[in-house]
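Take a look at the structure below.
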Amino acid sequence: MKKTLRILSVLLAGTMLLSTSALACTGVYVGKDVSDQGTYLLARSEDQGQSDYNKMFLVQPRVDNVPGRFIEDTATGFKIPLPDTTWQYTYVPDYTRGDDGMYPGSCTNEHGVSITGTVSTSTCEKWEEADPFIEPGLREAILPAAVAAVATSARNAVDVLLGYVDEYGSEEGNTVMICDQNEAWFVEIYSGHHYCAMKMPDDQVAVFGNHNMIGLVDPKATPEDGYIYSEGLFELIDELDLAVKEGELYHLAKSVTGNTREPYNNMRNWGGMKLLAPSLAGDTYDNDNFYPLFYAPDEKVSVLDVMDIYRYRYEDTPIDVNLEGQEGNRVISTTNSSQIHILQTFSDWPVQCSAINWIALGNGEHTVFVPFFSGITDTAEAYKVDGDTYNPQGAYWMFKRLCTLGQLDRDLYGNGVRAFWKQQEALMYQQMLDAAPTMLAKYAESREAGAAYVTGLGIQMSEWEMKLSNNLYQKLLTCVTHNINRRTDRIETFLPDVPLRQIAESKGYTVTWNAADGSTTITKGAASYTITPEEYTCKVAGGEDIELTHYAYVNDGVTYIPMDFADTL
């Protein structure tokens with residue numbers, strides 16, 4: 001969590017409404033045996049105390065044989081020395097005028113190690129007093145990057161992280177997820193020097209809020225059993241009379257938290273289960289239920305399913321925030337997310353490019369997840385735009401401004417934005433599958449050829465989505481402005497326009513552009529349609545013309561048609 005907000009939460013302890021923005025992230029895990037592509041999925045939203053919180057997406061290059069370097073938490077002066085050689089990794093840092101450090105958000109390095117951090121947590125007062133946090137100590141502000149810079153495997157990353165806690169102490173409670181091509185780990189840091197890490201099951205999933213979640217653990221468990229814990233952890237639990245046990249097994253989450261659950265967090269656990277395993281969740285949220293960390297999903301889970309989790313506001317349930325009296329429920333799809341990432345790791349890809357990083361800037365409900373192969377060496381210039389003030393050249397602002405307008409009225413504006421981006425995500429999902437064979441062939445040539453291909457593809461795809469974002473924003477702002485102070489019976493619902501060529505080709509049409517009049521003809525079998533810019537009529541070969549909801553037009557070299565017409569093709 002951000003340091004200034006952590007201080008506020010301490011001052012306002014017990015006042016959940018005021019302190020919740022300090023503890024505000026949701027984590028998702030999908031094991032490779034239950035994902036549709038046989039991949040690990042680690043995901044997390046970075047939820048802020050404010051909506052105007054610029055994030056960037058960058059690549060930290062590999063550094064060879066340069067001694068004497070540190071990674072520094074600029075807000076506190078805390079430093080960790082780095083080895084002479086550190087690895088290349090992607091990261092999603094804060095804008096540099098932020099006063100609390102870098103906050104890299106998520107990282108994937110050249111050894112195929114992905115780390116997402118962190119989901120902030122807290123324990124009971126008795127536990128915090130017994131092993132207080134260390135100031136200055138390890139914080140989320142540098143944690144993912146400090147691990148990604150040096151780790152060569154998931155297990156090595158866990159050892160590195162826990163070694164930092166052992167040597168320097170932690171300044172805050174955190175949950176971290178780490179994976180490589182072979183295994184995934186879940187790490188909970190409880191206090192200044194205590195922690196537990198567990199290997200995550202390949203055949204289960206998890207969705208969790210800002211609380212500790214590791215359940216029953218055998219104090220005799222070893223790393224070979226899939227558990228690593230701090231020296232004296234169980235002894236301190238006993239000494240403080242906090243142990244919650246089943247037989248000889250300790251329920252760690254119940255023990256260190258005083259066996260409590262807050263709706264603020266527990267609702268998100270249930271919400272995730274409701275989406276992924278409705279047969280287990282039941283129809284109604286129960287705050288007395290200590291929902292488990294891991295469980296089997298009812299069906300295989302895709303990246304697109306995880307995106308939907310981050311758009312979830314408990315629709316069609318008794319705690320739906322659209323219902324009277326439920327407006328204050330803590331949803332997964334909070335409006336104050338600055339970025340959301342899904343790290344998808346493939347077991348059989350080259351280790352230097354073993355993952356796809358799906359990066360969404362803004363809040364999940366009205367933004368888009370853009371994919372990048374992890375082997376990229378650079379990102380589009382718009383992802384590097386810094387600053388704390390709206391800048392239409394910056395990727396964060398291009399996407400976040402649509403969130404701002406979309407949530408003004410979800411029925412009038414938000415649904416159209418959401419439908420547009422979900423269509424784009426499905427297209428990009430297929431595009432990445434189609435690009436994978438070329439990526440593999442390029443890496444078979446050389447690492448340099450592979451890196452050049454995936455870097456170019458990432459820039460191309462992200463710049464395309466930003467071009468679409470600009471058009472979507474122009475049309476949405478026009479609609480919002482049009483509706484201001486109009487009579488109720490004249491209010492218009494936002495209908496997005498979609499790129500004709502992209503949508504038609506994705507549906508199997510051959511697309512032909514006529515330079516003479518700017519018209520476009522799309523053909524598939526016996527079906528043939530001709531669309532001309534500035535005209536409301538679509539010409540149908542051998543049939544009646546179709547009247548469009550809105551005239552077709554060209555913007556920045558792209559022909560757009562109404563989405564409702566495109567859906568009928």
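As shown in the structure tokens, the chain order sets the letters A, B, ...; within each chain, residues go from 1, and ligands are also counted from 1 in the order they appear.
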Extract, using only C-alpha atoms, all DNA, RNA and protein residues at most 8 Å from Gln48 (chain A), discarding same-chain residues fewer than 2 positions from it, and format them as a PyMOL selection string.
chain A and resi 21-22+24+46+50-51+53+336-338
Any chance you could export the current selection's N, CA and C atoms as a PDB file, in the first residue's frame?
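As a result, result-v8.pdb now contains:
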ATOM      1  N   SER A  21      -9.310   2.629   1.332  1.00  0.00           N
ATOM      2  CA  SER A  21      -8.513   2.912   0.153  1.00  0.00           C
ATOM      3  C   SER A  21      -7.045   2.591   0.367  1.00  0.00           C
ATOM      4  N   ALA A  22      -6.625   2.457   1.596  1.00  0.00           N
ATOM      5  CA  ALA A  22      -5.246   2.090   1.873  1.00  0.00           C
ATOM      6  C   ALA A  22      -5.014   0.598   1.714  1.00  0.00           C
ATOM      7  N   ALA A  24      -6.311  -1.860  -0.767  1.00  0.00           N
ATOM      8  CA  ALA A  24      -7.251  -1.875  -1.879  1.00  0.00           C
ATOM      9  C   ALA A  24      -6.672  -2.517  -3.130  1.00  0.00           C
ATOM     10  N   GLU A  46      -4.356  -2.782  -9.097  1.00  0.00           N
ATOM     11  CA  GLU A  46      -3.691  -1.821  -8.223  1.00  0.00           C
ATOM     12  C   GLU A  46      -4.678  -0.691  -7.975  1.00  0.00           C
ATOM     13  N   GLN A  50      -7.305   7.427  -5.073  1.00  0.00           N
ATOM     14  CA  GLN A  50      -7.767   8.483  -5.974  1.00  0.00           C
ATOM     15  C   GLN A  50      -7.811   7.900  -7.380  1.00  0.00           C
ATOM     16  N   SER A  51      -8.557   8.532  -8.274  1.00  0.00           N
ATOM     17  CA  SER A  51      -8.718   7.995  -9.624  1.00  0.00           C
ATOM     18  C   SER A  51      -7.692   8.529 -10.612  1.00  0.00           C
ATOM     19  N   TYR A  53      -4.432   8.633 -11.119  1.00  0.00           N
ATOM     20  CA  TYR A  53      -3.131   8.123 -10.669  1.00  0.00           C
ATOM     21  C   TYR A  53      -2.413   7.479 -11.843  1.00  0.00           C
ATOM     22  N   ASN A 336     -11.385   3.138  -8.765  1.00  0.00           N
ATOM     23  CA  ASN A 336     -10.108   3.798  -8.504  1.00  0.00           C
ATOM     24  C   ASN A 336      -8.893   2.952  -8.860  1.00  0.00           C
ATOM     25  N   SER A 337      -9.049   1.951  -9.705  1.00  0.00           N
ATOM     26  CA  SER A 337      -7.877   1.201 -10.152  1.00  0.00           C
ATOM     27  C   SER A 337      -7.029   2.071 -11.073  1.00  0.00           C
ATOM     28  N   SER A 338      -5.724   2.010 -10.872  1.00  0.00           N
ATOM     29  CA  SER A 338      -4.815   2.715 -11.783  1.00  0.00           C
ATOM     30  C   SER A 338      -4.285   1.780 -12.859  1.00  0.00           C
TER      31      SER A 338
END
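Taking only C-alpha atoms, the non-local environment of Glu365 (chain A) within 7 Å (same-chain residues fewer than 4 positions away omitted) comprises A:Tyr310, A:Arg311, A:Ser333, A:Arg418.
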Run DSSP on the backbone and tell me which residues of region 346-563 of chain A come out as strand (DSSP E); list them as a ChimeraX atom specification.
/A:355-361,370-373,497-499,510-513,520-524,527-531,537-540,546-547,553-555,558-562
Find the residues around region 153-157 of chain A up to 10 Å (only C-alpha atoms counted), leave out those fewer than 4 positions away in its own chain, and share them as a list in words.
Asn109, His111, Gly112, Val113, Ser114, Ile115, Pro144, Ala146, Val147, Ala148, Ala149, Leu161, Leu162, Gly163, Met177, Ile178, Cys179, Asp180, Gln181, Asn182, Glu183, Ala184, Trp185, Lys199 and Pro223 of chain A
For N, CA and C atoms, I'd like the residues from the last selection saved as a PDB file, in the first residue's frame.
ATOM      1  N   ASN A 109      10.607 -11.283 -15.858  1.00  0.00           N
ATOM      2  CA  ASN A 109      11.993 -11.096 -16.264  1.00  0.00           C
ATOM      3  C   ASN A 109      12.416 -12.081 -17.340  1.00  0.00           C
ATOM      4  N   HIS A 111      14.208 -14.587 -17.321  1.00  0.00           N
ATOM      5  CA  HIS A 111      14.256 -15.986 -16.915  1.00  0.00           C
ATOM      6  C   HIS A 111      12.853 -16.581 -16.755  1.00  0.00           C
ATOM      7  N   GLY A 112      11.853 -15.849 -17.203  1.00  0.00           N
ATOM      8  CA  GLY A 112      10.491 -16.358 -17.155  1.00  0.00           C
ATOM      9  C   GLY A 112       9.858 -16.292 -15.789  1.00  0.00           C
ATOM     10  N   VAL A 113      10.407 -15.486 -14.898  1.00  0.00           N
ATOM     11  CA  VAL A 113       9.847 -15.324 -13.552  1.00  0.00           C
ATOM     12  C   VAL A 113       8.875 -14.151 -13.568  1.00  0.00           C
ATOM     13  N   SER A 114       7.627 -14.419 -13.211  1.00  0.00           N
ATOM     14  CA  SER A 114       6.610 -13.369 -13.095  1.00  0.00           C
ATOM     15  C   SER A 114       6.277 -13.159 -11.633  1.00  0.00           C
ATOM     16  N   ILE A 115       6.156 -11.898 -11.244  1.00  0.00           N
ATOM     17  CA  ILE A 115       5.827 -11.570  -9.858  1.00  0.00           C
ATOM     18  C   ILE A 115       4.833 -10.427  -9.850  1.00  0.00           C
ATOM     19  N   PRO A 144       8.512  -5.952  -6.060  1.00  0.00           N
ATOM     20  CA  PRO A 144       8.538  -6.801  -7.259  1.00  0.00           C
ATOM     21  C   PRO A 144       9.806  -6.632  -8.087  1.00  0.00           C
ATOM     22  N   ALA A 146      12.778  -5.561  -7.030  1.00  0.00           N
ATOM     23  CA  ALA A 146      13.943  -6.049  -6.296  1.00  0.00           C
ATOM     24  C   ALA A 146      14.097  -7.556  -6.440  1.00  0.00           C
ATOM     25  N   VAL A 147      12.983  -8.265  -6.630  1.00  0.00           N
ATOM     26  CA  VAL A 147      13.028  -9.708  -6.843  1.00  0.00           C
ATOM     27  C   VAL A 147      13.291 -10.035  -8.313  1.00  0.00           C
ATOM     28  N   ALA A 148      12.560  -9.372  -9.220  1.00  0.00           N
ATOM     29  CA  ALA A 148      12.691  -9.669 -10.645  1.00  0.00           C
ATOM     30  C   ALA A 148      14.092  -9.380 -11.163  1.00  0.00           C
ATOM     31  N   ALA A 149      14.774  -8.423 -10.582  1.00  0.00           N
ATOM     32  CA  ALA A 149      16.105  -8.049 -11.052  1.00  0.00           C
ATOM     33  C   ALA A 149      17.126  -9.159 -10.876  1.00  0.00           C
ATOM     34  N   LEU A 161      13.007 -13.174  -1.963  1.00  0.00           N
ATOM     35  CA  LEU A 161      12.064 -12.322  -1.242  1.00  0.00           C
ATOM     36  C   LEU A 161      12.115 -12.578   0.257  1.00  0.00           C
ATOM     37  N   LEU A 162      12.055 -13.833   0.645  1.00  0.00           N
ATOM     38  CA  LEU A 162      12.072 -14.151   2.074  1.00  0.00           C
ATOM     39  C   LEU A 162      13.424 -13.819   2.687  1.00  0.00           C
ATOM     40  N   GLY A 163      14.484 -13.927   1.891  1.00  0.00           N
ATOM     41  CA  GLY A 163      15.798 -13.516   2.379  1.00  0.00           C
ATOM     42  C   GLY A 163      15.848 -12.030   2.677  1.00  0.00           C
ATOM     43  N   MET A 177       2.414 -13.049  -5.335  1.00  0.00           N
ATOM     44  CA  MET A 177       2.344 -14.272  -6.127  1.00  0.00           C
ATOM     45  C   MET A 177       3.498 -14.297  -7.120  1.00  0.00           C
ATOM     46  N   ILE A 178       4.089 -15.471  -7.286  1.00  0.00           N
ATOM     47  CA  ILE A 178       5.253 -15.642  -8.145  1.00  0.00           C
ATOM     48  C   ILE A 178       5.095 -16.936  -8.929  1.00  0.00           C
ATOM     49  N   CYS A 179       5.472 -16.913 -10.211  1.00  0.00           N
ATOM     50  CA  CYS A 179       5.463 -18.165 -10.970  1.00  0.00           C
ATOM     51  C   CYS A 179       6.558 -18.144 -12.028  1.00  0.00           C
ATOM     52  N   ASP A 180       6.880 -19.340 -12.517  1.00  0.00           N
ATOM     53  CA  ASP A 180       7.689 -19.491 -13.720  1.00  0.00           C
ATOM     54  C   ASP A 180       6.979 -20.516 -14.595  1.00  0.00           C
ATOM     55  N   GLN A 181       7.698 -21.169 -15.472  1.00  0.00           N
ATOM     56  CA  GLN A 181       7.058 -22.109 -16.384  1.00  0.00           C
ATOM     57  C   GLN A 181       6.669 -23.422 -15.711  1.00  0.00           C
ATOM     58  N   ASN A 182       7.176 -23.647 -14.504  1.00  0.00           N
ATOM     59  CA  ASN A 182       6.989 -24.948 -13.868  1.00  0.00           C
ATOM     60  C   ASN A 182       6.147 -24.937 -12.609  1.00  0.00           C
ATOM     61  N   GLU A 183       6.124 -23.818 -11.888  1.00  0.00           N
ATOM     62  CA  GLU A 183       5.405 -23.805 -10.616  1.00  0.00           C
ATOM     63  C   GLU A 183       5.041 -22.386 -10.226  1.00  0.00           C
ATOM     64  N   ALA A 184       4.101 -22.294  -9.271  1.00  0.00           N
ATOM     65  CA  ALA A 184       3.626 -20.999  -8.788  1.00  0.00           C
ATOM     66  C   ALA A 184       3.609 -21.006  -7.262  1.00  0.00           C
ATOM     67  N   TRP A 185       3.946 -19.843  -6.673  1.00  0.00           N
ATOM     68  CA  TRP A 185       4.039 -19.723  -5.217  1.00  0.00           C
ATOM     69  C   TRP A 185       3.217 -18.532  -4.722  1.00  0.00           C
ATOM     70  N   LYS A 199       3.488 -23.430  -2.107  1.00  0.00           N
ATOM     71  CA  LYS A 199       3.363 -23.726  -3.527  1.00  0.00           C
ATOM     72  C   LYS A 199       1.886 -23.845  -3.864  1.00  0.00           C
ATOM     73  N   PRO A 223      10.134 -27.371   2.622  1.00  0.00           N
ATOM     74  CA  PRO A 223      10.014 -26.844   1.254  1.00  0.00           C
ATOM     75  C   PRO A 223       9.639 -27.920   0.245  1.00  0.00           C
TER      76      PRO A 223
END
Residues within 8 Å of region 479-482 of chain A, only C-alpha atoms, excluding chain neighbours under 6 positions, as a list in words:
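Everything that qualifies: Leu405, Tyr413, Glu492, Thr493 and Phe494 of chain A.
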Just want the 9 Å neighbourhood of region 230-234 of chain A, counted on only C-alpha atoms, with same-chain residues fewer than 2 positions away dropped. Output as a list of chain:residue names.
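Result of the neighbour search: A:Leu162, A:Asp166, A:His193, A:His194, A:Tyr195, A:Cys196, A:Pro219, A:Ile228, A:Leu236, A:Ile237, A:Asp238, A:Glu239, A:Ala243, A:Tyr250, A:Leu252.
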Okay, now the selection with N, CA and C atoms, as a PDB file, in the first residue's frame?
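Writing the result to again_26.pdb gives the following:
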ATOM      1  N   LEU A 162      12.055 -13.833   0.645  1.00  0.00           N
ATOM      2  CA  LEU A 162      12.072 -14.151   2.074  1.00  0.00           C
ATOM      3  C   LEU A 162      13.424 -13.819   2.687  1.00  0.00           C
ATOM      4  N   ASP A 166      14.131 -11.608   5.982  1.00  0.00           N
ATOM      5  CA  ASP A 166      15.015 -12.065   7.062  1.00  0.00           C
ATOM      6  C   ASP A 166      16.102 -11.037   7.367  1.00  0.00           C
ATOM      7  N   HIS A 193       9.139  -9.694  10.620  1.00  0.00           N
ATOM      8  CA  HIS A 193      10.056 -10.788  10.304  1.00  0.00           C
ATOM      9  C   HIS A 193       9.371 -12.119  10.044  1.00  0.00           C
ATOM     10  N   HIS A 194       8.052 -12.174  10.070  1.00  0.00           N
ATOM     11  CA  HIS A 194       7.362 -13.458   9.928  1.00  0.00           C
ATOM     12  C   HIS A 194       6.590 -13.548   8.616  1.00  0.00           C
ATOM     13  N   TYR A 195       6.561 -14.776   8.089  1.00  0.00           N
ATOM     14  CA  TYR A 195       5.965 -15.017   6.773  1.00  0.00           C
ATOM     15  C   TYR A 195       5.688 -16.501   6.588  1.00  0.00           C
ATOM     16  N   CYS A 196       4.923 -16.801   5.552  1.00  0.00           N
ATOM     17  CA  CYS A 196       4.747 -18.175   5.093  1.00  0.00           C
ATOM     18  C   CYS A 196       4.579 -18.140   3.574  1.00  0.00           C
ATOM     19  N   PRO A 219       3.210 -27.670  10.958  1.00  0.00           N
ATOM     20  CA  PRO A 219       4.452 -27.021  11.390  1.00  0.00           C
ATOM     21  C   PRO A 219       5.694 -27.847  11.084  1.00  0.00           C
ATOM     22  N   ILE A 228       7.307 -22.898   3.037  1.00  0.00           N
ATOM     23  CA  ILE A 228       8.484 -22.261   3.622  1.00  0.00           C
ATOM     24  C   ILE A 228       7.967 -21.203   4.588  1.00  0.00           C
ATOM     25  N   LEU A 236       5.541 -18.448  18.053  1.00  0.00           N
ATOM     26  CA  LEU A 236       4.983 -17.152  18.430  1.00  0.00           C
ATOM     27  C   LEU A 236       3.454 -17.198  18.455  1.00  0.00           C
ATOM     28  N   ILE A 237       2.872 -17.907  17.517  1.00  0.00           N
ATOM     29  CA  ILE A 237       1.416 -18.069  17.530  1.00  0.00           C
ATOM     30  C   ILE A 237       0.976 -18.691  18.846  1.00  0.00           C
ATOM     31  N   ASP A 238       1.681 -19.730  19.286  1.00  0.00           N
ATOM     32  CA  ASP A 238       1.340 -20.389  20.552  1.00  0.00           C
ATOM     33  C   ASP A 238       1.568 -19.453  21.737  1.00  0.00           C
ATOM     34  N   GLU A 239       2.682 -18.753  21.699  1.00  0.00           N
ATOM     35  CA  GLU A 239       3.027 -17.863  22.806  1.00  0.00           C
ATOM     36  C   GLU A 239       1.975 -16.780  22.999  1.00  0.00           C
ATOM     37  N   ALA A 243      -3.455 -19.456  18.401  1.00  0.00           N
ATOM     38  CA  ALA A 243      -3.538 -20.616  17.520  1.00  0.00           C
ATOM     39  C   ALA A 243      -4.979 -21.049  17.266  1.00  0.00           C
ATOM     40  N   TYR A 250      -2.055 -25.860  11.864  1.00  0.00           N
ATOM     41  CA  TYR A 250      -2.373 -24.480  12.202  1.00  0.00           C
ATOM     42  C   TYR A 250      -3.060 -23.802  11.016  1.00  0.00           C
ATOM     43  N   LEU A 252      -3.209 -20.624   9.522  1.00  0.00           N
ATOM     44  CA  LEU A 252      -2.407 -19.423   9.696  1.00  0.00           C
ATOM     45  C   LEU A 252      -3.228 -18.142   9.575  1.00  0.00           C
TER      46      LEU A 252
END
Test item, helix (DSSP H, G or I) assignment across region 109-340 of chain A, answer as a PyMOL selection string:
chain A and resi 125-130+143-148+154-168+223-225+233-239+252-256+263-276+278-281+303-309
Pick the closest to Phe186 (chain A) from A:Thr116, A:Ser347, A:Asn363, A:Thr108: which is it, counting only C-alpha atoms?
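Of A:Thr116, A:Ser347, A:Asn363, A:Thr108, the one nearest Phe186 (chain A), counting only C-alpha atoms, is A:Thr116.
In terms of minimum interatomic distance to Trp464 (chain A), A:Ala380 ranks closest within A:Glu544, A:Ala380, A:Asp409, A:Asp434, counting only C-alpha atoms.
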Write out as a PyMOL selection string the residues lying within 10 Å of Leu143 (chain A), counting only C-alpha atoms and excluding same-chain residues fewer than 6 positions away.
chain A and resi 71+73+102-106+115-118+161+164+174+176
Polymer residues at most 10 Å from Thr520 (chain A), only C-alpha atoms, same-chain spacing of 4 or more positions, as a list in words:
Leu500, Arg501, Val511, Thr512, Trp513, Asn514, Ala515, Tyr529, Thr530, Ile531, Thr532, Pro533 and Thr559 of chain A
When you draw a straight line from CA of Glu315 (chain A) to CA of Val498 (chain A), how long is it in Å?
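Computing it gives 26.5 Å between the two atoms.
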Point out the residue among A:Gln460, A:Gln424, A:Thr345, A:Thr488 with the least atom-to-atom distance to Asp378 (chain A), counting only C-alpha atoms.
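Comparing A:Gln460, A:Gln424, A:Thr345, A:Thr488 against Asp378 (chain A), the winner is A:Gln460.
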Nearest residue to His341 (chain A) out of A:Arg44, A:Lys32, A:Arg313, A:Lys300, using only C-alpha atoms?
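Closest to His341 (chain A), using only C-alpha atoms: A:Arg44.
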